[in-house]
Protein chains: 2
Amino acid sequence: MNASATTCPLCLETGGLLVVQTPQWRVVRVEDAGFPAFYRLIWAGHVAEFSDLDAAQRLACIEAVTTVERVLREALQPTKINLASLGNVVPHLHWHVIARFDWDSHFPNPIWGEAMREAPDAASTQHRHLKVDGLLRRQRRDHASVSNMG
Amino acid sequence: MNASATTCPLCLETGGLLVVQTPQWRVVRVEDAGFPAFYRLIWAGHVAEFSDLDAAQRLACIEAVTTVERVLREALQPTKINLASLGNVVPHLHWHVIARFDWDSHFPNPIWGEAMREAPDAASTQHRHLKVDGLLRRQRRDHASVSNMG
């Protein structure tokens, strides 16, 4: 269960469709028709728990999670945002950032709970993630420009 | 679903067994035999999302969550810590902080997923939360003393 860095899937693979990457973390999109705006922020270093990070790393990590949350809220006006760092199967720090809608397959249950209805057709929801992917990339570019100027 | 502060259960009730309280947040223990160290950090103000907090509030909130995580790790050496802010049913910011064990009722599934085995007898696990409750209270007292001195 406690995969070392040499066998850890999140050290060896991207873990989803890469949207934004920095030296400290990357944001990937998870392809799941039930949840059309399901993102993961994966910490680059192979640590299991949030409290394995030092204070500056925790701040960088949670502020990046907050940025993803903000972009999802502004772009999609979801019913709720769900944040979770679980890692029971892959103990490499990663945050699920999921825009939930009252029509999604599981709402109001957690996405890991019982389904409440059928997932919508993927084609009918993909405009959502296309919009968010673009905004996350632009956010990152703007942030990088500001940092370079600073 | 979007309960206002006047009808919100987490504004009207404690939301679990009160362990520690500050002006900004409280930590309660959730009584669930399947998960003998299941805590919630409930933000005092009635906001729905983590990104509704300002930067200083987010830092205070996540550092308090980190303290609960650290106490759980040090006291119980769990297999994994699970953190989650969902709030689909009660959209008042609260963080689940759950010590997971490879013998608990759902491991490695999320606690909201399918059960894998029967929950252990509550009496056999209560020494865990008694220890953690005490450590969280002591941590808070020590922190308050330091703040008063500062």
# chains A, B, ... in the order shown; residues from 1 in each chain; ligands from 1

$ select_by_dssp --residues "region 33-127 of chain A" --states "strand (DSSP E or B)" --output "VMD selection string"
chain A and resid 38 to 43 80 to 85 94 to 100

$ residues_around --residues "region 137-146 of chain B" --least-positions-apart "6" --cutoff "10 Å" --atoms "only C-alpha atoms" --output "PyMOL selection string"
chain B and resi 19-22+27+64+67-68+71

$ interface_residues --of "chain B" --to "chain A" --cutoff "6 Å" --atoms "only C-alpha atoms" --output "list of chain:residue names"
B:Ser51, B:Thr66, B:Asn82, B:Leu83, B:Ala84, B:Ser85, B:Leu86, B:Asn88, B:Pro108, B:Trp112, B:Gly113

$ write_last_selection --atoms "N, CA, C and O atoms" --output "PDB file, in the first residue's frame"
ATOM      1  N   SER B  51     -13.008  28.959  -0.269  1.00  0.00           N
ATOM      2  CA  SER B  51     -12.563  30.197  -0.921  1.00  0.00           C
ATOM      3  C   SER B  51     -13.444  31.392  -0.561  1.00  0.00           C
ATOM      4  O   SER B  51     -13.183  32.506  -1.021  1.00  0.00           O
ATOM      5  N   THR B  66      -4.475  21.096  10.048  1.00  0.00           N
ATOM      6  CA  THR B  66      -3.163  20.420  10.092  1.00  0.00           C
ATOM      7  C   THR B  66      -2.823  19.986  11.516  1.00  0.00           C
ATOM      8  O   THR B  66      -2.255  18.904  11.729  1.00  0.00           O
ATOM      9  N   ASN B  82      -7.478  11.104   6.175  1.00  0.00           N
ATOM     10  CA  ASN B  82      -8.365  11.598   5.117  1.00  0.00           C
ATOM     11  C   ASN B  82      -8.881  12.976   5.517  1.00  0.00           C
ATOM     12  O   ASN B  82      -9.417  13.145   6.626  1.00  0.00           O
ATOM     13  N   LEU B  83      -8.733  13.925   4.613  1.00  0.00           N
ATOM     14  CA  LEU B  83      -9.257  15.291   4.803  1.00  0.00           C
ATOM     15  C   LEU B  83     -10.316  15.547   3.739  1.00  0.00           C
ATOM     16  O   LEU B  83     -10.100  15.189   2.577  1.00  0.00           O
ATOM     17  N   ALA B  84     -11.405  16.175   4.126  1.00  0.00           N
ATOM     18  CA  ALA B  84     -12.420  16.491   3.115  1.00  0.00           C
ATOM     19  C   ALA B  84     -13.309  17.631   3.576  1.00  0.00           C
ATOM     20  O   ALA B  84     -13.715  17.692   4.738  1.00  0.00           O
ATOM     21  N   SER B  85     -13.588  18.524   2.642  1.00  0.00           N
ATOM     22  CA  SER B  85     -14.570  19.584   2.834  1.00  0.00           C
ATOM     23  C   SER B  85     -15.607  19.406   1.732  1.00  0.00           C
ATOM     24  O   SER B  85     -15.328  19.702   0.569  1.00  0.00           O
ATOM     25  N   LEU B  86     -16.766  18.869   2.084  1.00  0.00           N
ATOM     26  CA  LEU B  86     -17.784  18.539   1.079  1.00  0.00           C
ATOM     27  C   LEU B  86     -18.979  19.494   1.250  1.00  0.00           C
ATOM     28  O   LEU B  86     -19.120  20.440   0.525  1.00  0.00           O
ATOM     29  N   ASN B  88     -22.261  19.089   0.819  1.00  0.00           N
ATOM     30  CA  ASN B  88     -23.360  19.077  -0.153  1.00  0.00           C
ATOM     31  C   ASN B  88     -24.722  19.166   0.535  1.00  0.00           C
ATOM     32  O   ASN B  88     -25.655  19.748  -0.005  1.00  0.00           O
ATOM     33  N   PRO B 108      -9.741   0.155   1.965  1.00  0.00           N
ATOM     34  CA  PRO B 108      -9.214   1.470   1.574  1.00  0.00           C
ATOM     35  C   PRO B 108     -10.237   2.399   0.913  1.00  0.00           C
ATOM     36  O   PRO B 108      -9.845   3.432   0.384  1.00  0.00           O
ATOM     37  N   TRP B 112     -17.335   7.201   2.712  1.00  0.00           N
ATOM     38  CA  TRP B 112     -18.654   7.336   2.087  1.00  0.00           C
ATOM     39  C   TRP B 112     -18.897   6.241   1.046  1.00  0.00           C
ATOM     40  O   TRP B 112     -19.945   6.208   0.413  1.00  0.00           O
ATOM     41  N   GLY B 113     -17.898   5.372   0.833  1.00  0.00           N
ATOM     42  CA  GLY B 113     -18.021   4.325  -0.171  1.00  0.00           C
ATOM     43  C   GLY B 113     -18.560   3.031   0.414  1.00  0.00           C
ATOM     44  O   GLY B 113     -19.216   3.020   1.461  1.00  0.00           O
TER      45      GLY B 113
END

$ closest_residue --among "B:Leu18, B:Leu93, B:Arg117, B:Gln57" --to "Asp133 (chain B)" --atoms "only C-alpha atoms"
B:Leu18

$ calpha_fit_and_write --fixed "chain A" --moving "chain B" --output "compact mmCIF listing (two decimals) with N, CA and C atoms, in the first residue's frame"
# COMPACT_ATOMS: atom_id res chain seq x y z
N MET B 1 0.81 -1.26 -0.12
CA MET B 1 -0.04 -0.06 -0.12
C MET B 1 0.82 1.21 -0.09
N ASN B 2 1.87 1.20 0.77
CA ASN B 2 2.71 2.40 0.85
C ASN B 2 3.76 2.38 -0.23
N ALA B 3 3.28 2.65 -1.46
CA ALA B 3 4.18 2.63 -2.60
C ALA B 3 5.31 3.62 -2.36
N SER B 4 6.53 3.19 -2.61
CA SER B 4 7.65 4.14 -2.55
C SER B 4 7.63 4.95 -3.84
N ALA B 5 8.48 5.97 -3.88
CA ALA B 5 8.50 6.85 -5.05
C ALA B 5 8.80 6.07 -6.33
N THR B 6 9.54 4.99 -6.21
CA THR B 6 9.92 4.26 -7.42
C THR B 6 8.77 3.45 -8.00
N THR B 7 7.75 3.16 -7.19
CA THR B 7 6.62 2.39 -7.72
C THR B 7 5.31 3.18 -7.66
N CYS B 8 5.35 4.42 -7.16
CA CYS B 8 4.12 5.20 -6.97
C CYS B 8 3.55 5.64 -8.32
N PRO B 9 2.27 5.34 -8.57
CA PRO B 9 1.67 5.72 -9.86
C PRO B 9 1.70 7.24 -10.10
N LEU B 10 1.62 8.04 -9.04
CA LEU B 10 1.62 9.50 -9.24
C LEU B 10 3.03 10.05 -9.38
N CYS B 11 4.05 9.23 -9.11
CA CYS B 11 5.42 9.62 -9.45
C CYS B 11 5.76 9.18 -10.87
N LEU B 12 5.15 8.08 -11.30
CA LEU B 12 5.49 7.50 -12.60
C LEU B 12 4.62 8.02 -13.74
N GLU B 13 3.36 8.42 -13.40
CA GLU B 13 2.43 8.83 -14.44
C GLU B 13 1.83 10.19 -14.11
N THR B 14 1.18 10.79 -15.11
CA THR B 14 0.60 12.13 -14.92
C THR B 14 -0.60 12.07 -13.98
N GLY B 15 -1.38 11.01 -14.05
CA GLY B 15 -2.54 10.85 -13.16
C GLY B 15 -3.80 11.53 -13.66
N GLY B 16 -3.85 11.84 -14.94
CA GLY B 16 -5.03 12.50 -15.54
C GLY B 16 -4.55 13.35 -16.70
N LEU B 17 -5.45 14.12 -17.27
CA LEU B 17 -5.09 14.99 -18.39
C LEU B 17 -4.42 16.25 -17.84
N LEU B 18 -3.17 16.44 -18.19
CA LEU B 18 -2.41 17.56 -17.63
C LEU B 18 -2.99 18.90 -18.08
N VAL B 19 -3.27 19.77 -17.12
CA VAL B 19 -3.81 21.10 -17.44
C VAL B 19 -2.77 22.17 -17.15
N VAL B 20 -2.18 22.14 -15.96
CA VAL B 20 -1.19 23.14 -15.55
C VAL B 20 -0.11 22.43 -14.75
N GLN B 21 1.13 22.87 -14.92
CA GLN B 21 2.21 22.26 -14.14
C GLN B 21 3.17 23.34 -13.65
N THR B 22 3.59 23.22 -12.40
CA THR B 22 4.63 24.09 -11.84
C THR B 22 5.67 23.15 -11.22
N PRO B 23 6.79 23.68 -10.75
CA PRO B 23 7.77 22.79 -10.11
C PRO B 23 7.21 22.10 -8.86
N GLN B 24 6.25 22.74 -8.16
CA GLN B 24 5.74 22.16 -6.91
C GLN B 24 4.54 21.25 -7.07
N TRP B 25 3.72 21.49 -8.09
CA TRP B 25 2.48 20.72 -8.22
C TRP B 25 2.02 20.74 -9.67
N ARG B 26 1.07 19.88 -9.97
CA ARG B 26 0.40 19.91 -11.28
C ARG B 26 -1.09 19.75 -11.05
N VAL B 27 -1.87 20.30 -11.99
CA VAL B 27 -3.32 20.11 -11.97
C VAL B 27 -3.68 19.25 -13.17
N VAL B 28 -4.41 18.18 -12.90
CA VAL B 28 -4.88 17.30 -13.98
C VAL B 28 -6.40 17.24 -13.93
N ARG B 29 -6.99 16.94 -15.07
CA ARG B 29 -8.43 16.74 -15.11
C ARG B 29 -8.70 15.24 -15.16
N VAL B 30 -9.70 14.83 -14.38
CA VAL B 30 -10.09 13.43 -14.33
C VAL B 30 -11.28 13.26 -15.28
N GLU B 31 -11.19 12.30 -16.17
CA GLU B 31 -12.28 12.09 -17.12
C GLU B 31 -13.32 11.17 -16.50
N ASP B 32 -14.45 11.75 -16.14
CA ASP B 32 -15.53 10.99 -15.52
C ASP B 32 -16.84 11.67 -15.93
N ALA B 33 -17.64 10.97 -16.72
CA ALA B 33 -18.85 11.59 -17.26
C ALA B 33 -19.79 12.06 -16.16
N GLY B 34 -19.78 11.37 -15.03
CA GLY B 34 -20.68 11.75 -13.93
C GLY B 34 -20.34 13.10 -13.32
N PHE B 35 -19.07 13.48 -13.44
CA PHE B 35 -18.58 14.70 -12.79
C PHE B 35 -17.78 15.48 -13.82
N PRO B 36 -18.45 16.41 -14.51
CA PRO B 36 -17.81 17.04 -15.68
C PRO B 36 -16.74 18.06 -15.34
N ALA B 37 -16.52 18.34 -14.06
CA ALA B 37 -15.44 19.27 -13.70
C ALA B 37 -14.75 18.73 -12.46
N PHE B 38 -13.97 17.70 -12.68
CA PHE B 38 -13.29 16.96 -11.62
C PHE B 38 -11.79 17.12 -11.86
N TYR B 39 -11.14 17.87 -10.98
CA TYR B 39 -9.71 18.15 -11.12
C TYR B 39 -8.94 17.58 -9.93
N ARG B 40 -7.65 17.36 -10.16
CA ARG B 40 -6.78 16.94 -9.06
C ARG B 40 -5.54 17.80 -9.05
N LEU B 41 -5.19 18.28 -7.88
CA LEU B 41 -3.91 18.96 -7.70
C LEU B 41 -2.97 17.96 -7.06
N ILE B 42 -1.93 17.59 -7.79
CA ILE B 42 -1.00 16.56 -7.33
C ILE B 42 0.31 17.22 -6.93
N TRP B 43 0.73 17.03 -5.68
CA TRP B 43 1.99 17.58 -5.21
C TRP B 43 3.12 16.84 -5.90
N ALA B 44 4.17 17.57 -6.31
CA ALA B 44 5.24 16.93 -7.07
C ALA B 44 6.04 15.95 -6.20
N GLY B 45 6.37 16.37 -4.99
CA GLY B 45 7.17 15.50 -4.12
C GLY B 45 6.37 14.31 -3.61
N HIS B 46 7.05 13.20 -3.40
CA HIS B 46 6.36 12.00 -2.93
C HIS B 46 6.22 12.04 -1.41
N VAL B 47 5.16 12.71 -0.95
CA VAL B 47 4.81 12.71 0.47
C VAL B 47 3.39 12.20 0.59
N ALA B 48 3.08 11.59 1.72
CA ALA B 48 1.76 10.96 1.88
C ALA B 48 0.72 11.94 2.42
N GLU B 49 1.12 12.74 3.39
CA GLU B 49 0.13 13.53 4.13
C GLU B 49 0.37 15.03 3.95
N PHE B 50 -0.71 15.79 4.07
CA PHE B 50 -0.60 17.25 3.97
C PHE B 50 0.38 17.79 5.02
N SER B 51 0.35 17.21 6.22
CA SER B 51 1.22 17.70 7.29
C SER B 51 2.67 17.25 7.11
N ASP B 52 2.97 16.49 6.06
CA ASP B 52 4.37 16.23 5.72
C ASP B 52 5.01 17.45 5.07
N LEU B 53 4.18 18.38 4.56
CA LEU B 53 4.72 19.60 3.96
C LEU B 53 5.12 20.58 5.06
N ASP B 54 6.10 21.45 4.78
CA ASP B 54 6.40 22.51 5.75
C ASP B 54 5.40 23.65 5.55
N ALA B 55 5.47 24.67 6.41
CA ALA B 55 4.43 25.72 6.41
C ALA B 55 4.33 26.42 5.05
N ALA B 56 5.47 26.73 4.45
CA ALA B 56 5.45 27.43 3.15
C ALA B 56 4.86 26.54 2.06
N GLN B 57 5.20 25.26 2.12
CA GLN B 57 4.65 24.31 1.12
C GLN B 57 3.15 24.12 1.32
N ARG B 58 2.71 24.05 2.58
CA ARG B 58 1.26 23.91 2.83
C ARG B 58 0.52 25.11 2.28
N LEU B 59 1.09 26.30 2.50
CA LEU B 59 0.45 27.52 2.00
C LEU B 59 0.39 27.49 0.47
N ALA B 60 1.51 27.14 -0.17
CA ALA B 60 1.52 27.09 -1.64
C ALA B 60 0.50 26.08 -2.15
N CYS B 61 0.42 24.95 -1.48
CA CYS B 61 -0.47 23.87 -1.91
C CYS B 61 -1.93 24.29 -1.76
N ILE B 62 -2.29 24.82 -0.60
CA ILE B 62 -3.71 25.12 -0.37
C ILE B 62 -4.13 26.36 -1.16
N GLU B 63 -3.21 27.27 -1.40
CA GLU B 63 -3.57 28.43 -2.22
C GLU B 63 -3.76 28.00 -3.67
N ALA B 64 -3.00 27.02 -4.13
CA ALA B 64 -3.22 26.49 -5.49
C ALA B 64 -4.57 25.77 -5.56
N VAL B 65 -4.90 25.00 -4.53
CA VAL B 65 -6.21 24.35 -4.47
C VAL B 65 -7.32 25.41 -4.50
N THR B 66 -7.10 26.49 -3.75
CA THR B 66 -8.10 27.58 -3.70
C THR B 66 -8.27 28.22 -5.07
N THR B 67 -7.18 28.38 -5.79
CA THR B 67 -7.28 28.95 -7.15
C THR B 67 -8.12 28.05 -8.05
N VAL B 68 -7.90 26.76 -7.98
CA VAL B 68 -8.71 25.84 -8.79
C VAL B 68 -10.18 25.96 -8.38
N GLU B 69 -10.42 25.98 -7.07
CA GLU B 69 -11.79 26.14 -6.58
C GLU B 69 -12.43 27.42 -7.12
N ARG B 70 -11.69 28.52 -7.06
CA ARG B 70 -12.22 29.82 -7.52
C ARG B 70 -12.56 29.79 -9.00
N VAL B 71 -11.65 29.21 -9.79
CA VAL B 71 -11.90 29.14 -11.24
C VAL B 71 -13.16 28.30 -11.51
N LEU B 72 -13.30 27.19 -10.82
CA LEU B 72 -14.50 26.35 -11.00
C LEU B 72 -15.76 27.12 -10.62
N ARG B 73 -15.69 27.85 -9.51
CA ARG B 73 -16.88 28.61 -9.07
C ARG B 73 -17.24 29.69 -10.07
N GLU B 74 -16.22 30.43 -10.51
CA GLU B 74 -16.49 31.55 -11.41
C GLU B 74 -16.94 31.08 -12.78
N ALA B 75 -16.36 29.99 -13.25
CA ALA B 75 -16.68 29.53 -14.61
C ALA B 75 -18.01 28.79 -14.66
N LEU B 76 -18.34 28.07 -13.59
CA LEU B 76 -19.44 27.09 -13.69
C LEU B 76 -20.57 27.31 -12.71
N GLN B 77 -20.40 28.19 -11.73
CA GLN B 77 -21.42 28.38 -10.69
C GLN B 77 -21.98 27.03 -10.22
N PRO B 78 -21.12 26.16 -9.72
CA PRO B 78 -21.61 24.84 -9.28
C PRO B 78 -22.48 24.96 -8.03
N THR B 79 -23.24 23.91 -7.76
CA THR B 79 -24.04 23.88 -6.52
C THR B 79 -23.11 23.89 -5.31
N LYS B 80 -21.97 23.18 -5.42
CA LYS B 80 -21.04 23.08 -4.29
C LYS B 80 -19.68 22.67 -4.83
N ILE B 81 -18.64 23.06 -4.12
CA ILE B 81 -17.30 22.54 -4.39
C ILE B 81 -16.99 21.46 -3.36
N ASN B 82 -16.40 20.38 -3.80
CA ASN B 82 -15.92 19.35 -2.88
C ASN B 82 -14.40 19.29 -2.96
N LEU B 83 -13.76 19.36 -1.80
CA LEU B 83 -12.30 19.23 -1.69
C LEU B 83 -12.00 17.98 -0.87
N ALA B 84 -11.01 17.22 -1.29
CA ALA B 84 -10.65 16.05 -0.48
C ALA B 84 -9.23 15.60 -0.77
N SER B 85 -8.53 15.26 0.29
CA SER B 85 -7.21 14.64 0.21
C SER B 85 -7.33 13.31 0.94
N LEU B 86 -7.41 12.22 0.19
CA LEU B 86 -7.65 10.90 0.80
C LEU B 86 -6.38 10.05 0.65
N GLY B 87 -6.17 9.47 -0.53
CA GLY B 87 -4.90 8.78 -0.77
C GLY B 87 -4.77 7.44 -0.09
N ASN B 88 -5.90 6.78 0.19
CA ASN B 88 -5.82 5.47 0.84
C ASN B 88 -5.18 4.42 -0.08
N VAL B 89 -5.44 4.54 -1.37
CA VAL B 89 -4.90 3.58 -2.33
C VAL B 89 -3.56 4.06 -2.87
N VAL B 90 -3.46 5.34 -3.16
CA VAL B 90 -2.20 5.92 -3.65
C VAL B 90 -1.77 7.01 -2.66
N PRO B 91 -0.95 6.65 -1.67
CA PRO B 91 -0.58 7.61 -0.63
C PRO B 91 0.52 8.58 -1.08
N HIS B 92 0.15 9.36 -2.09
CA HIS B 92 1.00 10.45 -2.61
C HIS B 92 0.07 11.66 -2.62
N LEU B 93 0.45 12.71 -1.90
CA LEU B 93 -0.45 13.85 -1.65
C LEU B 93 -1.11 14.39 -2.93
N HIS B 94 -2.43 14.31 -2.97
CA HIS B 94 -3.19 14.89 -4.08
C HIS B 94 -4.53 15.34 -3.55
N TRP B 95 -5.00 16.46 -4.08
CA TRP B 95 -6.27 17.04 -3.67
C TRP B 95 -7.29 16.91 -4.78
N HIS B 96 -8.41 16.30 -4.50
CA HIS B 96 -9.53 16.29 -5.43
C HIS B 96 -10.24 17.64 -5.30
N VAL B 97 -10.48 18.30 -6.41
CA VAL B 97 -11.24 19.55 -6.43
C VAL B 97 -12.36 19.34 -7.45
N ILE B 98 -13.57 19.22 -6.94
CA ILE B 98 -14.67 18.74 -7.79
C ILE B 98 -15.83 19.73 -7.73
N ALA B 99 -16.23 20.23 -8.88
CA ALA B 99 -17.45 21.05 -8.93
C ALA B 99 -18.63 20.10 -8.95
N ARG B 100 -19.54 20.28 -8.00
CA ARG B 100 -20.71 19.42 -7.91
C ARG B 100 -21.96 20.19 -8.36
N PHE B 101 -22.84 19.47 -9.02
CA PHE B 101 -24.08 20.06 -9.53
C PHE B 101 -25.25 19.23 -9.04
N ASP B 102 -26.38 19.89 -8.82
CA ASP B 102 -27.51 19.14 -8.26
C ASP B 102 -28.06 18.10 -9.24
N TRP B 103 -27.57 18.13 -10.47
CA TRP B 103 -27.97 17.12 -11.46
C TRP B 103 -26.89 16.07 -11.69
N ASP B 104 -25.75 16.15 -10.99
CA ASP B 104 -24.70 15.16 -11.31
C ASP B 104 -25.09 13.79 -10.76
N SER B 105 -24.34 12.78 -11.13
CA SER B 105 -24.79 11.40 -10.90
C SER B 105 -24.99 11.06 -9.42
N HIS B 106 -24.27 11.75 -8.52
CA HIS B 106 -24.30 11.36 -7.11
C HIS B 106 -24.86 12.41 -6.16
N PHE B 107 -25.07 13.64 -6.62
CA PHE B 107 -25.46 14.72 -5.70
C PHE B 107 -26.75 14.37 -4.98
N PRO B 108 -26.88 14.64 -3.66
CA PRO B 108 -25.90 15.31 -2.79
C PRO B 108 -24.89 14.36 -2.13
N ASN B 109 -24.85 13.11 -2.56
CA ASN B 109 -23.87 12.20 -1.96
C ASN B 109 -22.46 12.57 -2.40
N PRO B 110 -21.46 12.21 -1.59
CA PRO B 110 -20.08 12.33 -2.07
C PRO B 110 -19.91 11.48 -3.34
N ILE B 111 -18.95 11.83 -4.16
CA ILE B 111 -18.79 11.11 -5.43
C ILE B 111 -18.44 9.65 -5.20
N TRP B 112 -17.96 9.34 -3.98
CA TRP B 112 -17.59 7.95 -3.66
C TRP B 112 -18.77 7.18 -3.07
N GLY B 113 -19.92 7.86 -2.91
CA GLY B 113 -21.09 7.22 -2.31
C GLY B 113 -22.00 6.61 -3.36
N GLU B 114 -23.24 6.47 -2.96
CA GLU B 114 -24.22 5.81 -3.83
C GLU B 114 -24.66 6.76 -4.95
N ALA B 115 -24.76 6.23 -6.16
CA ALA B 115 -25.27 7.04 -7.28
C ALA B 115 -26.74 7.33 -7.07
N MET B 116 -27.17 8.52 -7.45
CA MET B 116 -28.56 8.94 -7.29
C MET B 116 -29.30 8.93 -8.63
N ARG B 117 -28.55 9.02 -9.71
CA ARG B 117 -29.17 9.09 -11.04
C ARG B 117 -28.09 8.75 -12.08
N GLU B 118 -28.54 8.61 -13.32
CA GLU B 118 -27.57 8.29 -14.38
C GLU B 118 -26.67 9.50 -14.66
N ALA B 119 -25.46 9.21 -15.10
CA ALA B 119 -24.55 10.29 -15.48
C ALA B 119 -25.06 10.92 -16.78
N PRO B 120 -24.91 12.25 -16.91
CA PRO B 120 -25.32 12.88 -18.16
C PRO B 120 -24.40 12.44 -19.30
N ASP B 121 -24.86 12.62 -20.51
CA ASP B 121 -24.07 12.31 -21.69
C ASP B 121 -22.80 13.18 -21.69
N ALA B 122 -21.65 12.55 -21.89
CA ALA B 122 -20.38 13.28 -21.80
C ALA B 122 -20.34 14.47 -22.76
N ALA B 123 -20.90 14.30 -23.95
CA ALA B 123 -20.85 15.38 -24.95
C ALA B 123 -21.60 16.62 -24.46
N SER B 124 -22.63 16.41 -23.63
CA SER B 124 -23.45 17.53 -23.18
C SER B 124 -22.77 18.34 -22.08
N THR B 125 -21.72 17.81 -21.51
CA THR B 125 -21.08 18.51 -20.39
C THR B 125 -19.66 18.96 -20.70
N GLN B 126 -19.12 18.58 -21.86
CA GLN B 126 -17.69 18.84 -22.06
C GLN B 126 -17.36 20.31 -22.25
N HIS B 127 -18.37 21.14 -22.60
CA HIS B 127 -18.08 22.58 -22.69
C HIS B 127 -17.60 23.10 -21.34
N ARG B 128 -18.04 22.45 -20.26
CA ARG B 128 -17.63 22.90 -18.93
C ARG B 128 -16.15 22.73 -18.71
N HIS B 129 -15.65 21.52 -18.98
CA HIS B 129 -14.23 21.36 -18.66
C HIS B 129 -13.34 22.07 -19.68
N LEU B 130 -13.83 22.23 -20.90
CA LEU B 130 -13.02 22.98 -21.86
C LEU B 130 -12.83 24.42 -21.38
N LYS B 131 -13.91 25.00 -20.86
CA LYS B 131 -13.83 26.37 -20.34
C LYS B 131 -12.87 26.45 -19.15
N VAL B 132 -13.01 25.50 -18.23
CA VAL B 132 -12.19 25.53 -17.01
C VAL B 132 -10.72 25.29 -17.35
N ASP B 133 -10.44 24.32 -18.21
CA ASP B 133 -9.04 24.05 -18.59
C ASP B 133 -8.39 25.34 -19.10
N GLY B 134 -9.11 26.05 -19.97
CA GLY B 134 -8.57 27.28 -20.54
C GLY B 134 -8.33 28.34 -19.48
N LEU B 135 -9.28 28.49 -18.58
CA LEU B 135 -9.14 29.51 -17.52
C LEU B 135 -7.99 29.17 -16.57
N LEU B 136 -7.83 27.89 -16.24
CA LEU B 136 -6.73 27.50 -15.34
C LEU B 136 -5.39 27.78 -16.00
N ARG B 137 -5.30 27.51 -17.29
CA ARG B 137 -4.02 27.76 -18.00
C ARG B 137 -3.74 29.27 -18.05
N ARG B 138 -4.79 30.05 -18.30
CA ARG B 138 -4.61 31.51 -18.39
C ARG B 138 -4.20 32.07 -17.03
N GLN B 139 -4.91 31.61 -15.99
CA GLN B 139 -4.61 32.02 -14.61
C GLN B 139 -3.14 31.79 -14.31
N ARG B 140 -2.65 30.61 -14.70
CA ARG B 140 -1.27 30.24 -14.41
C ARG B 140 -0.30 31.14 -15.18
N ARG B 141 -0.66 31.40 -16.45
CA ARG B 141 0.20 32.28 -17.27
C ARG B 141 0.27 33.67 -16.64
N ASP B 142 -0.90 34.20 -16.25
CA ASP B 142 -0.95 35.54 -15.65
C ASP B 142 -0.13 35.57 -14.37
N HIS B 143 -0.29 34.51 -13.56
CA HIS B 143 0.42 34.44 -12.29
C HIS B 143 1.93 34.37 -12.53
N ALA B 144 2.33 33.58 -13.51
CA ALA B 144 3.75 33.44 -13.84
C ALA B 144 4.31 34.79 -14.29
N SER B 145 3.54 35.55 -15.07
CA SER B 145 4.00 36.86 -15.54
C SER B 145 4.22 37.79 -14.36
N VAL B 146 3.26 37.79 -13.44
CA VAL B 146 3.37 38.66 -12.27
C VAL B 146 4.61 38.27 -11.46
N SER B 147 4.83 36.95 -11.26
CA SER B 147 5.97 36.48 -10.48
C SER B 147 7.28 36.91 -11.14
N ASN B 148 7.31 36.81 -12.48
CA ASN B 148 8.54 37.17 -13.18
C ASN B 148 8.83 38.66 -13.05
N MET B 149 7.75 39.44 -12.96
CA MET B 149 7.92 40.88 -12.82
C MET B 149 8.35 41.25 -11.40
N GLY B 150 8.01 40.36 -10.42
CA GLY B 150 8.17 40.72 -9.00
C GLY B 150 9.61 40.60 -8.53

$ select_by_dssp --residues "chain A" --states "alpha helix (DSSP H)" --output "PyMOL selection string"
chain A and resi 9-12+55-76+122-149
